[in-house]
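Novice: Here you go, this is structure_16.txt (compact mmCIF, C-alpha atoms).
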# COMPACT_ATOMS: atom_id res chain seq x y z
CA MET A 1 96.01 81.10 88.77
CA ARG A 2 93.60 81.78 91.62
CA LYS A 3 94.53 79.92 94.79
CA THR A 4 91.95 78.20 96.98
CA LEU A 5 90.75 80.00 100.08
CA ARG A 6 92.09 77.21 102.29
CA SER A 7 95.58 77.49 100.83
CA LEU A 8 95.49 81.27 101.24
CA LEU A 9 94.48 80.92 104.88
CA ILE A 10 97.34 78.52 105.53
CA THR A 11 99.80 80.84 103.75
CA GLY A 12 98.48 83.89 105.57
CA VAL A 13 98.66 82.31 109.01
CA ALA A 14 102.24 81.24 108.29
CA LEU A 15 103.12 84.79 107.26
CA LEU A 16 101.54 86.23 110.38
CA SER A 17 103.50 83.80 112.52
CA ALA A 18 106.73 85.03 110.94
CA SER A 19 105.94 88.74 111.08
CA SER A 20 103.84 91.18 113.07
CA ALA A 21 102.86 92.95 109.84
CA LEU A 22 99.14 93.41 109.35
CA ALA A 23 98.74 95.53 106.24
CA TRP A 24 98.12 95.19 102.52
CA GLY A 25 100.90 92.86 101.46
CA PRO A 26 103.79 94.08 99.31
CA THR A 27 101.74 93.66 96.13
CA GLY A 28 98.81 95.76 97.30
CA HIS A 29 100.90 98.59 98.71
CA ARG A 30 103.11 98.72 95.64
CA ILE A 31 100.12 98.87 93.29
CA VAL A 32 98.45 101.68 95.26
CA GLY A 33 101.61 103.79 95.10
CA GLU A 34 102.36 103.11 91.46
CA GLU A 35 98.85 103.67 90.13
CA ALA A 36 98.34 106.87 92.09
CA ALA A 37 101.59 108.27 90.69
CA ARG A 38 100.69 107.19 87.14
CA ALA A 39 97.35 108.97 87.45
CA LEU A 40 98.85 112.35 88.37
CA PRO A 41 98.21 115.14 85.84
CA ALA A 42 100.92 116.72 83.72
CA TYR A 43 101.21 119.83 85.91
CA MET A 44 102.66 117.76 88.76
CA PRO A 45 106.48 117.55 88.94
CA GLU A 46 107.96 115.26 86.33
CA PHE A 47 110.24 113.50 88.83
CA VAL A 48 107.12 112.16 90.58
CA ARG A 49 105.39 111.05 87.35
CA SER A 50 108.43 109.58 85.59
CA ALA A 51 108.93 105.84 85.26
CA GLN A 52 111.70 106.09 87.87
CA GLY A 53 109.48 108.08 90.20
CA VAL A 54 106.56 105.68 89.84
CA GLY A 55 108.86 102.74 90.56
CA ASP A 56 110.44 104.44 93.58
CA ILE A 57 107.05 105.34 95.07
CA GLY A 58 105.84 101.78 94.60
CA PHE A 59 108.97 100.44 96.30
CA TYR A 60 108.83 102.90 99.19
CA SER A 61 105.14 102.20 99.71
CA ASN A 62 106.25 99.13 101.68
CA GLU A 63 108.77 101.04 103.78
CA PRO A 64 106.69 101.30 106.99
CA ASP A 65 106.32 97.51 106.98
CA ALA A 66 110.03 97.10 106.28
CA TRP A 67 110.72 99.14 109.43
CA LYS A 68 109.15 96.51 111.67
CA GLY A 69 111.31 94.46 113.97
CA ALA A 70 113.94 97.15 114.53
CA GLY A 71 113.57 97.02 118.31
CA LYS A 72 111.08 97.67 121.09
CA VAL A 73 111.42 101.45 121.22
CA HIS A 74 111.18 101.83 117.44
CA ASP A 75 108.34 99.33 117.00
CA PHE A 76 106.30 100.46 119.98
CA GLU A 77 106.22 104.00 118.62
CA ARG A 78 105.42 103.06 115.02
CA ASP A 79 103.49 99.79 114.75
CA SER A 80 100.19 101.30 115.91
CA ALA A 81 100.37 103.85 113.08
CA HIS A 82 99.00 101.22 110.69
CA PHE A 83 95.47 101.08 112.14
CA ILE A 84 92.75 102.84 114.10
CA ASP A 85 90.22 100.62 115.85
CA LEU A 86 86.64 101.84 115.51
CA ASP A 87 83.72 100.14 117.25
CA ASP A 88 80.40 99.10 115.74
CA GLU A 89 79.17 102.70 115.97
CA GLY A 90 82.24 104.08 114.22
CA LYS A 91 83.67 105.53 117.43
CA THR A 92 87.29 105.38 118.52
CA LEU A 93 88.23 103.46 121.65
CA ALA A 94 88.27 106.84 123.39
CA GLY A 95 84.49 106.92 122.95
CA VAL A 96 84.42 109.80 120.43
CA ARG A 97 84.16 109.95 116.67
CA LEU A 98 87.17 110.72 114.52
CA GLN A 99 86.00 114.31 113.98
CA GLU A 100 85.99 114.79 117.77
CA VAL A 101 89.48 113.53 118.64
CA PRO A 102 92.06 116.04 119.93
CA GLN A 103 94.31 117.75 117.40
CA SER A 104 97.49 116.11 118.69
CA ARG A 105 98.25 112.45 119.13
CA SER A 106 99.64 113.04 122.64
CA ASP A 107 96.30 114.51 123.72
CA PHE A 108 94.50 111.56 122.10
CA ASP A 109 96.75 109.20 124.07
CA ALA A 110 95.80 111.02 127.27
CA LEU A 111 92.10 110.74 126.40
CA LEU A 112 92.48 107.01 125.78
CA ARG A 113 94.27 106.52 129.08
CA SER A 114 91.49 108.38 130.86
CA LYS A 115 89.17 105.66 129.49
CA ASN A 116 91.58 102.94 130.71
CA VAL A 117 92.61 102.11 127.14
CA MET A 118 96.28 101.70 126.31
CA PRO A 119 97.12 103.88 123.26
CA TRP A 120 98.90 101.05 121.41
CA LYS A 121 95.66 99.05 121.44
CA SER A 122 93.69 101.85 119.75
CA GLY A 123 96.06 102.67 116.92
CA TYR A 124 96.65 106.13 115.47
CA LEU A 125 96.38 105.78 111.70
CA ASN A 126 94.37 109.01 111.54
CA TYR A 127 97.33 110.96 112.93
CA ALA A 128 99.89 109.04 110.84
CA LEU A 129 98.03 110.06 107.67
CA VAL A 130 98.08 113.75 108.49
CA ASP A 131 101.70 113.63 109.66
CA ALA A 132 102.86 111.93 106.44
CA TRP A 133 100.78 114.28 104.27
CA GLN A 134 102.13 117.41 105.95
CA GLN A 135 105.66 116.15 105.34
CA VAL A 136 104.94 115.83 101.61
CA VAL A 137 103.52 119.36 101.56
CA LYS A 138 106.77 120.56 103.11
CA ASP A 139 108.82 118.57 100.58
CA PHE A 140 106.92 120.11 97.69
CA ALA A 141 107.34 123.59 99.20
CA TYR A 142 111.12 123.18 99.29
CA TRP A 143 111.17 121.75 95.76
CA ARG A 144 109.03 124.56 94.34
CA GLY A 145 111.16 127.26 95.92
CA MET A 146 114.51 125.72 95.06
CA THR A 147 113.68 124.94 91.44
CA TYR A 148 112.51 128.52 90.89
CA MET A 149 115.65 129.85 92.56
CA GLU A 150 117.94 127.56 90.55
CA ALA A 151 116.33 128.59 87.27
CA HIS A 152 116.89 132.28 88.06
CA GLU A 153 120.29 132.04 89.78
CA SER A 154 123.33 133.56 88.02
CA ASP A 155 126.01 132.78 90.60
CA PRO A 156 127.69 129.47 89.57
CA LYS A 157 128.37 128.31 93.13
CA ARG A 158 124.85 128.98 94.31
CA LYS A 159 123.41 127.40 91.20
CA ALA A 160 125.47 124.23 91.74
CA TRP A 161 124.43 124.04 95.39
CA LEU A 162 120.76 124.43 94.46
CA LYS A 163 120.99 121.76 91.76
CA GLU A 164 122.39 119.25 94.23
CA ALA A 165 119.88 120.26 96.91
CA ILE A 166 117.04 119.69 94.45
CA ARG A 167 118.37 116.22 93.61
CA ARG A 168 118.44 115.29 97.26
CA ARG A 169 115.01 116.80 97.92
CA GLU A 170 113.53 114.78 95.08
CA ALA A 171 114.93 111.57 96.57
CA LEU A 172 113.50 112.49 99.98
CA THR A 173 110.15 113.42 98.47
CA LEU A 174 109.74 110.10 96.67
CA ARG A 175 110.44 108.26 99.91
CA ASP A 176 108.03 110.47 101.84
CA ILE A 177 105.32 109.94 99.21
CA GLY A 178 105.91 106.21 99.57
CA ILE A 179 105.36 106.45 103.32
CA LEU A 180 102.18 108.47 102.79
CA SER A 181 101.13 105.87 100.21
CA HIS A 182 101.51 103.11 102.78
CA TYR A 183 99.22 104.75 105.30
CA VAL A 184 96.67 105.74 102.67
CA GLY A 185 96.74 102.12 101.52
CA ASP A 186 96.20 100.94 105.09
CA SER A 187 93.26 103.30 105.41
CA SER A 188 91.55 101.73 102.39
CA GLN A 189 91.63 98.26 103.97
CA PRO A 190 88.53 97.98 106.21
CA LEU A 191 90.17 95.55 108.64
CA HIS A 192 92.64 98.31 109.58
CA LEU A 193 89.73 100.39 110.83
CA SER A 194 87.82 98.05 113.10
CA ILE A 195 87.82 96.20 116.39
CA HIS A 196 87.00 93.19 114.19
CA TYR A 197 90.40 93.37 112.55
CA ASN A 198 91.28 89.67 112.29
CA GLY A 199 88.10 87.64 112.61
CA TRP A 200 85.03 89.02 114.38
CA GLY A 201 86.38 88.24 117.85
CA LYS A 202 84.85 85.99 120.51
CA GLU A 203 84.46 88.92 122.90
CA TYR A 204 81.97 90.75 120.66
CA PRO A 205 78.27 90.07 119.98
CA ASN A 206 78.06 88.12 116.74
CA PRO A 207 74.39 87.71 115.74
CA GLN A 208 75.29 87.03 112.09
CA ASN A 209 77.77 84.33 113.09
CA PHE A 210 80.68 85.91 111.22
CA THR A 211 83.94 83.99 111.05
CA LEU A 212 86.34 83.97 113.99
CA GLU A 213 89.20 82.78 111.77
CA PRO A 214 92.29 85.01 111.36
CA ILE A 215 91.36 86.30 107.91
CA HIS A 216 93.26 89.58 107.90
CA GLY A 217 96.62 88.53 106.48
CA PRO A 218 95.31 85.89 104.07
CA LEU A 219 92.84 88.24 102.40
CA GLU A 220 94.94 91.35 102.04
CA SER A 221 98.26 89.74 101.27
CA ALA A 222 98.11 86.23 99.78
CA PHE A 223 94.72 86.75 98.11
CA VAL A 224 95.71 90.05 96.56
CA SER A 225 99.06 88.75 95.37
CA ALA A 226 97.44 85.71 93.75
CA ASN A 227 94.53 87.47 92.06
CA ILE A 228 95.04 91.21 91.47
CA ASN A 229 97.34 93.24 89.22
CA ASN A 230 98.00 96.88 88.37
CA GLU A 231 95.55 96.93 85.47
CA ASP A 232 92.72 95.74 87.72
CA VAL A 233 93.32 98.57 90.19
CA ARG A 234 93.87 101.19 87.50
CA ALA A 235 90.44 100.41 86.03
CA ALA A 236 88.81 100.73 89.46
CA MET A 237 90.08 104.22 90.25
CA SER A 238 87.49 106.96 90.68
CA ALA A 239 87.36 110.57 89.50
CA SER A 240 89.39 113.13 91.43
CA ASP A 241 87.84 114.45 94.65
CA PRO A 242 89.86 117.38 96.03
CA CYS A 243 89.79 118.27 99.71
CA THR A 244 87.98 121.54 100.45
CA LEU A 245 88.23 121.32 104.26
CA ALA A 246 91.12 121.03 106.69
CA ALA A 247 93.24 117.97 105.83
CA GLU A 248 92.33 116.31 109.13
CA ARG A 249 88.62 116.42 108.35
CA CYS A 250 89.11 115.05 104.84
CA PHE A 251 91.16 112.14 106.13
CA ASP A 252 88.51 111.49 108.80
CA ALA A 253 85.84 111.33 106.10
CA LYS A 254 87.91 108.85 104.07
CA LEU A 255 88.45 106.66 107.12
CA GLU A 256 84.77 106.64 108.01
CA ARG A 257 83.82 105.86 104.40
CA ASN A 258 86.20 102.91 104.32
CA TRP A 259 85.17 101.65 107.77
CA LYS A 260 81.67 101.08 106.40
CA TYR A 261 83.06 98.19 104.34
CA VAL A 262 83.85 96.10 107.44
CA THR A 263 80.47 94.37 107.69
CA PRO A 264 80.15 93.88 103.90
CA LEU A 265 83.57 92.18 103.95
CA TYR A 266 82.46 89.73 106.63
CA GLU A 267 79.15 89.16 104.84
CA LEU A 268 81.01 88.37 101.63
CA TYR A 269 83.41 86.05 103.40
CA LYS A 270 80.50 84.19 105.02
CA ALA A 271 78.80 83.87 101.62
CA GLY A 272 81.90 82.26 100.11
CA GLY A 273 82.81 85.29 98.02
CA PHE A 274 86.52 84.75 98.53
CA ASN A 275 86.44 81.10 97.46
CA ASP A 276 88.34 79.96 94.41
CA GLY A 277 86.60 80.99 91.21
CA ASP A 278 84.20 83.45 92.85
CA ALA A 279 84.61 86.86 91.22
CA ARG A 280 83.00 88.71 94.13
CA GLY A 281 86.06 88.52 96.37
CA LYS A 282 88.40 89.83 93.73
CA GLY A 283 85.93 92.59 92.88
CA PHE A 284 85.72 93.64 96.53
CA MET A 285 89.49 93.83 97.00
CA VAL A 286 90.06 95.55 93.65
CA GLY A 287 87.54 98.16 94.73
CA ARG A 288 89.34 98.78 98.01
CA LEU A 289 92.74 99.05 96.31
CA GLY A 290 91.28 101.29 93.62
CA GLN A 291 89.94 103.55 96.36
CA GLY A 292 93.36 103.64 98.00
CA ALA A 293 95.07 104.61 94.75
CA SER A 294 92.42 107.26 94.07
CA ASP A 295 92.77 108.70 97.55
CA LEU A 296 96.56 108.84 97.28
CA ARG A 297 96.37 110.62 93.93
CA ASP A 298 93.94 113.14 95.42
CA VAL A 299 95.92 113.87 98.58
CA LEU A 300 99.06 114.36 96.49
CA LEU A 301 97.21 116.92 94.40
CA ASP A 302 96.05 118.59 97.61
CA ALA A 303 99.63 118.60 98.92
CA TRP A 304 100.90 120.22 95.74
CA ARG A 305 98.23 122.92 95.95
CA GLU A 306 99.00 123.66 99.60
CA SER A 307 102.76 123.73 99.03
CA LYS A 308 102.56 127.16 97.36
CA THR A 309 101.87 128.77 100.70
CA MET A 310 103.80 126.41 102.99
CA GLY A 311 106.83 128.08 104.55
CA PHE A 312 110.25 126.50 104.19
CA GLY A 313 113.67 127.27 105.63
CA TYR A 314 114.40 129.75 108.41
CA PRO A 315 113.34 132.49 108.61
CA ALA A 316 110.58 130.82 106.61
CA VAL A 317 109.65 131.94 103.13
CA THR A 318 107.08 130.52 100.73
CA TYR A 319 107.19 129.77 97.03
CA GLU A 320 104.94 132.77 96.49
CA ASP A 321 107.46 134.90 98.43
CA VAL A 322 110.30 133.65 96.24
CA VAL A 323 108.45 134.46 93.01
CA ALA A 324 107.50 137.92 94.32
CA GLY A 325 111.02 138.66 95.57
CA ARG A 326 109.95 138.91 99.20
CA GLY A 327 112.34 137.88 101.97
CA ASP A 328 115.76 136.26 101.62
CA ALA A 329 115.20 132.78 100.24
CA TRP A 330 118.91 131.97 100.06
CA LYS A 331 119.38 132.79 103.72
CA ALA A 332 116.27 130.77 104.57
CA LEU A 333 117.87 127.73 102.95
CA ARG A 334 121.47 128.20 104.01
CA GLY A 335 121.32 130.11 107.29
CA GLU A 336 124.68 130.26 109.07
CA ASP A 337 126.21 127.96 106.44
CA ASP A 338 126.17 130.84 103.93
CA LYS A 339 129.75 131.90 104.53
As a first step, turn the structure in this file into structure tokens.
Specialist:
Amino acid sequence: MRKTLRSLLITGVALLSASSALAWGPTGHRIVGEEAARALPAYMPEFVRSAQGVGDIGFYSNEPDAWKGAGKVHDFERDSAHFIDLDDEGKTLAGVRLQEVPQSRSDFDALLRSKNVMPWKSGYLNYALVDAWQQVVKDFAYWRGMTYMEAHESDPKRKAWLKEAIRRREALTLRDIGILSHYVGDSSQPLHLSIHYNGWGKEYPNPQNFTLEPIHGPLESAFVSANINNEDVRAAMSASDPCTLAAERCFDAKLERNWKYVTPLYELYKAGGFNDGDARGKGFMVGRLGQGASDLRDVLLDAWRESKTMGFGYPAVTYEDVVAGRGDAWKALRGEDDK
């Protein structure tokens, strides 16, 4: 049953008082992870597409929120990964567009400080996305190489070691995909991409008289949980759109695309679109979650493609090296432990 907007606001404010989490709630993040995994084509690894894999990815999609409250050092380094504040021109708080930010987060922090902006206030979701994606590429690279090696290994001891290493890598990969899923989900929620992240803000010009109420948590958590299910999001997913540029630029484009929904969200809220019985609010949020699931599916496909040429182990070899018999893949995996 759809809950009234007032009850959702009360619930959301209570949740925000109990937790610093500002993200899709558990329902939204779980659905994004599950539906992206279900939409993967048959050539992707079966452990990712299986019922167990889909369930694990959905569960781990809430992991970055579960981390919160571990302590000041932990939280200070991680909490700002969930958002990137863009102004009304789509610029970061450093005064440059996403495509113009430095390659490393540390350099971005320095640029922000040069503008008298504390890095934690800006957020660094753009960097968190690339970091999480690159980890999944690395995971897939290890899995590709090890599964090929295990299938062609004749030594019983090596074969047993590889089999166990693959099992552990699969567990790590599902967790890492869940973490990537979380940040991709965050990036599909417009309020994670704006200075107007929880009500328009009294400090900003407000010619359209948009709400100043704390709408962030109520809309993305309580509203989604009360009104949206997996089937809704599955039906809203778009056709695959592979990345043909550097991963950073593709993530920037996704962030800018999703940021453009900030004003429409406030317009819809003002028009009563999130009131009980109004289909417009549900349609808006289903569209955003469907975009998140579509984006996650696509970046996983991109990660799988790139994993063929990603080096793993030391001295590094690639899957293509292993297949061609180049280098010493066993030594790359085992190093000095190969006694």
Novice: Please compute the CA of Lys138 in chain A-CA of Leu333 in chain A distance, one decimal, in Å.
Specialist: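 Interatomic distance, CA of Lys138 in chain A to CA of Leu333 in chain A: 13.2 Å.
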Novice: Pick out the closest residue to Glu267 in chain A from this set: A:Phe210, A:Gly58, A:Glu320, A:Asp252. Count all atoms listed in the file.
Specialist: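 Ranked by minimum distance to Glu267 in chain A, first place goes to A:Phe210.
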Novice: Between A:Ser61, A:Gln135, A:Ser154, A:Gln52, which has the minimum distance to Phe312 in chain A (counting only C-alpha atoms)?
Specialist: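 Counting only C-alpha atoms, the residue closest to Phe312 in chain A is A:Gln135.
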Novice: Would you pick out the contacts of Gln99 in chain A at 9 Å or less, using all atoms listed in the file, so that residues sharing its chain but fewer than 6 positions from it are not included, and give the list as a ChimeraX atom specification?
Specialist: /A:248-249,252-253
Novice: Which residue gives the smallest distance to Gly292 in chain A among A:Leu112, A:Leu245, A:Ala271, A:Met237, with only C-alpha atoms counted?
Specialist: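 Using only C-alpha atoms, the shortest distance to Gly292 in chain A belongs to A:Met237.
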Novice: Using only C-alpha atoms, find the one residue out of A:Glu34, A:Lys91, A:Asn209, A:Tyr127 that sits nearest to Ser106 in chain A.
Specialist: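 For Ser106 in chain A, the nearest of the candidates is A:Tyr127.
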Novice: Ranking A:Asn206, A:Ala39, A:Thr263, A:Tyr142 by minimum distance to Tyr314 in chain A and counting only C-alpha atoms, which one comes first?
Specialist: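 Answer, going by the shortest atom-to-atom distance: A:Tyr142.
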Novice: Around the point (111.4, 121.8, 100.9) in the file's coordinates, collect all residues with an atom within 12 Å, using only C-alpha atoms, and return them as an NGL selection string.
Specialist: :A and (134-147 or 162 or 165-173 or 176 or 304 or 307-314 or 316-319 or 329 or 332-333)
Novice: Which residues, written as a PyMOL selection string, have at least one atom at most 10 Å from Leu111 in chain A, with all atoms listed in the file counted and residues fewer than 3 positions away on the same chain left out?
Specialist: chain A and resi 93-96+101-102+105-108+114-119
Novice: Can you pull out the residues contacting Ser80 in chain A? Cut-off 10 Å, using only C-alpha atoms, and skip same-chain residues under 6 positions away; I want them as a list in words.
Specialist: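 Listing them by chain and then by number gives Pro119, Trp120, Lys121, Ser122, Gly123, Tyr124, Leu125 and Ala128 of chain A.
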Novice: Generate the output file for the selected residues, C-alpha atoms, as a PDB file, in the frame of the given file.
Specialist:
ATOM      1  CA  PRO A 119      97.120 103.880 123.260  1.00  0.00           C
ATOM      2  CA  TRP A 120      98.900 101.050 121.410  1.00  0.00           C
ATOM      3  CA  LYS A 121      95.660  99.050 121.440  1.00  0.00           C
ATOM      4  CA  SER A 122      93.690 101.850 119.750  1.00  0.00           C
ATOM      5  CA  GLY A 123      96.060 102.670 116.920  1.00  0.00           C
ATOM      6  CA  TYR A 124      96.650 106.130 115.470  1.00  0.00           C
ATOM      7  CA  LEU A 125      96.380 105.780 111.700  1.00  0.00           C
ATOM      8  CA  ALA A 128      99.890 109.040 110.840  1.00  0.00           C
TER       9      ALA A 128
END
Novice: Give the centre and edge lengths of an axis-aligned box, in Å to one decimal, that holds all listed atoms of range 139-154 of chain A with 8 Å on each side, as lines of an AutoDock Vina configuration file.
Specialist:
center_x = 115.1
center_y = 126.1
center_z = 93.9
size_x = 32.4
size_y = 31.0
size_z = 29.3
Novice: Quick one: pull the distance between CA of Ala37 in chain A and CA of Gly55 in chain A, Å, one decimal.
Specialist: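 These two atoms are separated by 9.1 Å.
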Novice: What separation in Å, quoted to one decimal, exists between CA of Thr92 in chain A and CA of Gly69 in chain A?
Specialist: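 According to the coordinates, CA of Thr92 in chain A and CA of Gly69 in chain A are separated by 26.8 Å.
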Novice: Please list as a PyMOL selection string every residue within 12 Å of His196 in chain A, counting only C-alpha atoms and excluding residues in the same chain fewer than 4 positions away.
Specialist: chain A and resi 83-88+90+190-192+200-206+210-216+259+261-263+265-266
Novice: Measuring atom to atom with only C-alpha atoms, identify which of A:Arg97, A:Arg38, A:Arg334, A:Lys163 is nearest to Arg234 in chain A.
Specialist: A:Arg38
Novice: Within 8 Å of Gly290 in chain A, counting only C-alpha atoms, which residues qualify if same-chain residues fewer than 6 places away don't, as a ChimeraX atom specification?
Specialist: /A:32,233-238
Novice: Okay, now the selection with C-alpha atoms, as a PDB file, in the coordinates of the input?
Specialist:
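As written to disk, out_39.pdb reads:
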ATOM      1  CA  VAL A  32      98.450 101.680  95.260  1.00  0.00           C
ATOM      2  CA  VAL A 233      93.320  98.570  90.190  1.00  0.00           C
ATOM      3  CA  ARG A 234      93.870 101.190  87.500  1.00  0.00           C
ATOM      4  CA  ALA A 235      90.440 100.410  86.030  1.00  0.00           C
ATOM      5  CA  ALA A 236      88.810 100.730  89.460  1.00  0.00           C
ATOM      6  CA  MET A 237      90.080 104.220  90.250  1.00  0.00           C
ATOM      7  CA  SER A 238      87.490 106.960  90.680  1.00  0.00           C
TER       8      SER A 238
END
